[in-house]
Amino acid sequence: MIATAVGFIVGLLVFLSGTYIPEVSREVSFPQSLFQGVFGLSVFLSLSPWVWVFLGCRKGKLCPVTQASASSCFQDQRLAVFSGSIFFLALLGILLCSQSILSLPLTLAVSFLSVGIIIDLLKNSFFRMQERCTPSGIADWLLNKFKAAARKGDEKGVLESFELIFSLLVRYGKEGDVTSLSLFSMRVVGLVEELLRTLSTLPLFKLSKEDTLLDRYGVAEAMTAKRLAWVMKVTGENGSPTALEETMRSYAKLFMVFHNYHESLGYLLFVSLSQNLLKIEKPTDVEKDAEFMMVCSELVKSLIDRSVDRRISEKNAILRIFKILETHERECFRRDKSISPAFLMQPFAEIGQLLGSERYNALQDREDILSELRRILAQFSALEMVSTRMEVAEPGTDTAATYREDLPFHREEEL
């Protein structure tokens with residue numbers, strides 16, 4: 001608001017000088033043409049954001065990002081208030097300049113103040129338009145659009161918002177815009193949460209008269225998995241490896257969203273991730289597999305922390321993620337026998353090391369989880385032709401070590 005403050009101070013000085021110093025009123029003339037030109041230009045500038053958005057939309061009418069940016073600006077109430085205020089002040093200024101309604105000192109004072117306010121409003125309009133065109137601004141617009149459609153029971157608006165989410169993710173992934181992809185992915189989590197909260201009121205997801213809310217959650221998960229597979233295919237074939245990694249992290253975030261609503265949800269996402277990852281050819285298998293293993297490992301660690309913090313059992317979820325990861329790694333080894341089993345078992349070793357700390361002694365079903373880890377590690381240890389007997393290891397998970405040497409979650413007293 002610097003321009004407004006400057007305009008106020010200058011206007012106040014002009015008004016006081018013209019009122020209490022008669023010589024100033026006699027010697028100073030009102031620059032009518034100058035102010036008329038400024039206010040006339042302001043009328044045009046008040047409409048410039050809308051003209052810019054319209055031209056940009058026409059120029060890139062087939063680009064979902066451009067279309068979403070234009071819609072985000074067009075439907076922004078704050079931007080409309082800024083433009084409307086500029087337009088109103090500009091018309092008021094033109095009226096004051098052309099009509100001798102007020103005294104000369106007061107007219108000058110109001111004109112300077114109006115110019116200062118207009119400058120600040122133009123600056124705010126520019127920054128607001130920039131903000132609305134960013135991934136976070138577009139995500140905010142989508143979320144508000146979705147909420148409004150859900151409140152009205154507008155199935156078309158809900159479906160448009162849902163589909164546009166993934167169209168934008170595909171566009172960012174195809175261009176390799178990892179920063180935008182990451183920012184938008186974080187906001188997508190909130191939008192999917194909003195979708196799940198309103199499923200009970202949307203006939204769109206109703207399967208039959210006898211369906212349950214859990215059935216609707218399952219439909220939403222299947223739709224999400226299908227569209228995420230589309231995003232992953234595009235990022236894998238046309239984007240960068242980093243974009244593919246960010247897409248895989250989105251699976252983990254959305255898994256937790258669905259899993260928070262019911263313990264049976266979320267696994268379809270990871271089954272879809274594993275199956276579609278094996279179909280992508282561009283990044284090297286090692287890069288893809290390493291990222292997938294890391295995502296699964298971090299997800300299991302999150303479930304373990306959640307189980308300890310909330311004092312609930314997440315055994316079924318953890319074991320199912322183990323099964324998905326184990327199946328994926330077996331397929332990887334079947335396709336490429338040169339892969340080191342130690343590399344494949346690294347995530348399991350890290351989880352075992354985590355469970356070896358004192359914090360997780362009270363983890364519910366800890367022994368069942370450890371037993372499953374032992375079974376998986378024993379199978380892959382056989383590929384290295386070592387004894388299945390487990391020994392104590394030093395802290396750390398060196399992938400160069402055999403799993404006879406890298407089982408840190410086993411204690412001496414368990415031998």
# chains A, B, ... in the order shown; residues from 1 in each chain; ligands from 1

call {"tool": "residues_around", "arguments": {"residues": "Thr179 (chain A)", "least_positions_apart": "3", "cutoff": "12 Å", "atoms": "only C-alpha atoms", "output": "VMD selection string"}}
result
chain A and resid 134 to 136 169 172 to 173 175 to 176 182 to 186 240 242 to 243 246 to 247

call {"tool": "residues_around", "arguments": {"residues": "Asp120 (chain A)", "least_positions_apart": "5", "cutoff": "9 Å", "atoms": "only C-alpha atoms", "output": "list in words"}}
result
Met1, Ile2, Ala3, Thr4, Val115 and Ser125 of chain A

call {"tool": "closest_residue", "arguments": {"among": "A:Lys233, A:Pro241, A:Gly266, A:Leu363", "to": "Val219 (chain A)", "atoms": "only C-alpha atoms"}}
result
A:Gly266

call {"tool": "select_by_dssp", "arguments": {"residues": "region 260-302 of chain A", "states": "alpha helix (DSSP H)", "output": "ChimeraX atom specification"}}
result
/A:260-261,267-277,285-302

call {"tool": "closest_residue", "arguments": {"among": "A:Val43, A:Ser381, A:Leu213, A:Phe127", "to": "Leu91 (chain A)", "atoms": "only C-alpha atoms"}}
result
A:Val43

call {"tool": "atom_distance", "arguments": {"atom1": "CA of Lys323 (chain A)", "atom2": "CA of Leu377 (chain A)"}}
result
12.6 Å

call {"tool": "residues_around", "arguments": {"residues": "Arg151 (chain A)", "least_positions_apart": "6", "cutoff": "12 Å", "atoms": "only C-alpha atoms", "output": "PyMOL selection string"}}
result
chain A and resi 144-145+157-158+194-195+197-202

call {"tool": "residues_around", "arguments": {"residues": "His328 (chain A)", "least_positions_apart": "6", "cutoff": "9 Å", "atoms": "only C-alpha atoms", "output": "CSV table (one decimal) with N, CA, C and O atoms, in the first residue's frame"}}
result
chain,number,residue,atom,x,y,z
A,274,SER,N,2.8,-51.4,-9.2
A,274,SER,CA,3.8,-52.4,-9.5
A,274,SER,C,3.6,-52.9,-10.9
A,274,SER,O,4.6,-53.1,-11.7
A,275,GLN,N,2.4,-53.2,-11.3
A,275,GLN,CA,2.1,-53.8,-12.6
A,275,GLN,C,2.5,-52.8,-13.7
A,275,GLN,O,3.1,-53.2,-14.8
A,278,LEU,N,6.4,-52.1,-14.3
A,278,LEU,CA,7.1,-53.1,-15.1
A,278,LEU,C,6.9,-52.9,-16.6
A,278,LEU,O,7.7,-53.4,-17.4
A,289,ASP,N,13.1,-49.7,-10.0
A,289,ASP,CA,13.0,-50.6,-8.9
A,289,ASP,C,13.5,-50.0,-7.6
A,289,ASP,O,12.8,-50.2,-6.5

call {"tool": "closest_residue", "arguments": {"among": "A:Cys97, A:Leu164, A:Ala5, A:Ala225", "to": "Ser33 (chain A)", "atoms": "only C-alpha atoms"}}
result
A:Cys97

call {"tool": "atom_distance", "arguments": {"atom1": "CA of Val234 (chain A)", "atom2": "CA of Cys332 (chain A)"}}
result
21.4 Å

call {"tool": "atom_distance", "arguments": {"atom1": "CA of Gln379 (chain A)", "atom2": "CA of His259 (chain A)"}}
result
29.3 Å

call {"tool": "residues_around", "arguments": {"residues": "Val81 (chain A)", "least_positions_apart": "4", "cutoff": "12 Å", "atoms": "only C-alpha atoms", "output": "JSON, numbers by chain"}}
result
{"A": [46, 47, 73, 74, 75, 76, 77, 85, 86, 87, 88, 121, 122, 124, 125, 128]}

call {"tool": "residues_around", "arguments": {"residues": "Glu372 (chain A)", "least_positions_apart": "2", "cutoff": "12 Å", "atoms": "only C-alpha atoms", "output": "ChimeraX atom specification"}}
result
/A:315-316,318-323,326,348,351-352,365-370,374-379

call {"tool": "write_last_selection", "arguments": {"atoms": "N, CA and C atoms", "output": "compact mmCIF listing (two decimals), in the first residue's frame"}}
result
# COMPACT_ATOMS: atom_id res chain seq x y z
N LYS A 315 -0.81 -54.62 11.24
CA LYS A 315 -0.13 -55.82 10.75
C LYS A 315 -0.62 -56.20 9.35
N ASN A 316 -1.93 -56.22 9.15
CA ASN A 316 -2.46 -56.64 7.85
C ASN A 316 -1.98 -55.72 6.73
N ILE A 318 0.76 -53.84 6.70
CA ILE A 318 2.20 -54.01 6.51
C ILE A 318 2.50 -55.29 5.74
N LEU A 319 1.82 -56.37 6.12
CA LEU A 319 2.07 -57.65 5.46
C LEU A 319 1.62 -57.62 3.99
N ARG A 320 0.56 -56.90 3.72
CA ARG A 320 0.11 -56.81 2.33
C ARG A 320 1.08 -55.99 1.47
N ILE A 321 1.64 -54.93 2.05
CA ILE A 321 2.66 -54.17 1.32
C ILE A 321 3.90 -55.04 1.11
N PHE A 322 4.26 -55.83 2.13
CA PHE A 322 5.37 -56.79 1.97
C PHE A 322 5.11 -57.71 0.78
N LYS A 323 3.88 -58.22 0.68
CA LYS A 323 3.55 -59.17 -0.37
C LYS A 323 3.64 -58.52 -1.75
N GLU A 326 7.34 -58.01 -2.44
CA GLU A 326 8.01 -59.29 -2.71
C GLU A 326 7.67 -59.80 -4.11
N PHE A 348 13.69 -54.42 3.08
CA PHE A 348 13.31 -55.28 4.19
C PHE A 348 14.34 -55.19 5.32
N ILE A 351 13.70 -51.97 7.22
CA ILE A 351 12.54 -52.10 8.11
C ILE A 351 12.90 -52.94 9.33
N GLY A 352 13.67 -54.01 9.09
CA GLY A 352 14.12 -54.82 10.22
C GLY A 352 14.98 -54.04 11.18
N ASP A 365 1.73 -56.83 17.34
CA ASP A 365 2.01 -57.86 16.33
C ASP A 365 3.43 -57.75 15.79
N ARG A 366 4.35 -57.27 16.62
CA ARG A 366 5.73 -57.11 16.17
C ARG A 366 6.35 -58.45 15.77
N GLU A 367 6.08 -59.49 16.54
CA GLU A 367 6.68 -60.79 16.24
C GLU A 367 6.16 -61.36 14.92
N ASP A 368 4.88 -61.12 14.61
CA ASP A 368 4.33 -61.60 13.34
C ASP A 368 5.01 -60.89 12.16
N ILE A 369 5.25 -59.60 12.33
CA ILE A 369 5.92 -58.84 11.27
C ILE A 369 7.36 -59.31 11.11
N LEU A 370 8.05 -59.54 12.24
CA LEU A 370 9.42 -60.04 12.18
C LEU A 370 9.48 -61.43 11.55
N ARG A 374 11.63 -62.51 8.31
CA ARG A 374 12.57 -63.65 8.29
C ARG A 374 12.29 -64.57 7.11
N ARG A 375 11.01 -64.83 6.87
CA ARG A 375 10.65 -65.71 5.76
C ARG A 375 11.11 -65.13 4.42
N ILE A 376 10.85 -63.85 4.21
CA ILE A 376 11.23 -63.22 2.95
C ILE A 376 12.75 -63.18 2.80
N LEU A 377 13.43 -62.81 3.88
CA LEU A 377 14.88 -62.72 3.82
C LEU A 377 15.52 -64.08 3.60
N ALA A 378 14.92 -65.11 4.20
CA ALA A 378 15.45 -66.46 4.03
C ALA A 378 15.36 -66.90 2.57
N GLN A 379 14.25 -66.56 1.93
CA GLN A 379 14.08 -66.94 0.53
C GLN A 379 15.12 -66.27 -0.36

call {"tool": "closest_atom_pairs", "arguments": {"of": "region 155-240 of chain A", "to": "region 248-254 of chain A", "cutoff": "10 Å", "atoms": "only C-alpha atoms", "output": "tab-separated table"}}
result
residue	atom	partner	partner_atom	distance
A:Leu181	CA	A:Ser250	CA	9.9
A:Ser182	CA	A:Ser250	CA	8.7
A:Ser185	CA	A:Ser250	CA	6.4
A:Met186	CA	A:Ser250	CA	8.0
A:Val188	CA	A:Leu254	CA	8.8
A:Val189	CA	A:Leu254	CA	6.2
A:Gly190	CA	A:Leu254	CA	9.5
A:Val192	CA	A:Leu254	CA	7.9
A:Glu193	CA	A:Leu254	CA	8.9
A:Glu221	CA	A:Leu254	CA	9.2
A:Thr224	CA	A:Leu254	CA	8.9
A:Ala225	CA	A:Tyr251	CA	8.5
A:Leu228	CA	A:Tyr251	CA	7.9
A:Ala229	CA	A:Tyr251	CA	9.8
A:Val231	CA	A:Met248	CA	9.9
A:Met232	CA	A:Met248	CA	7.6
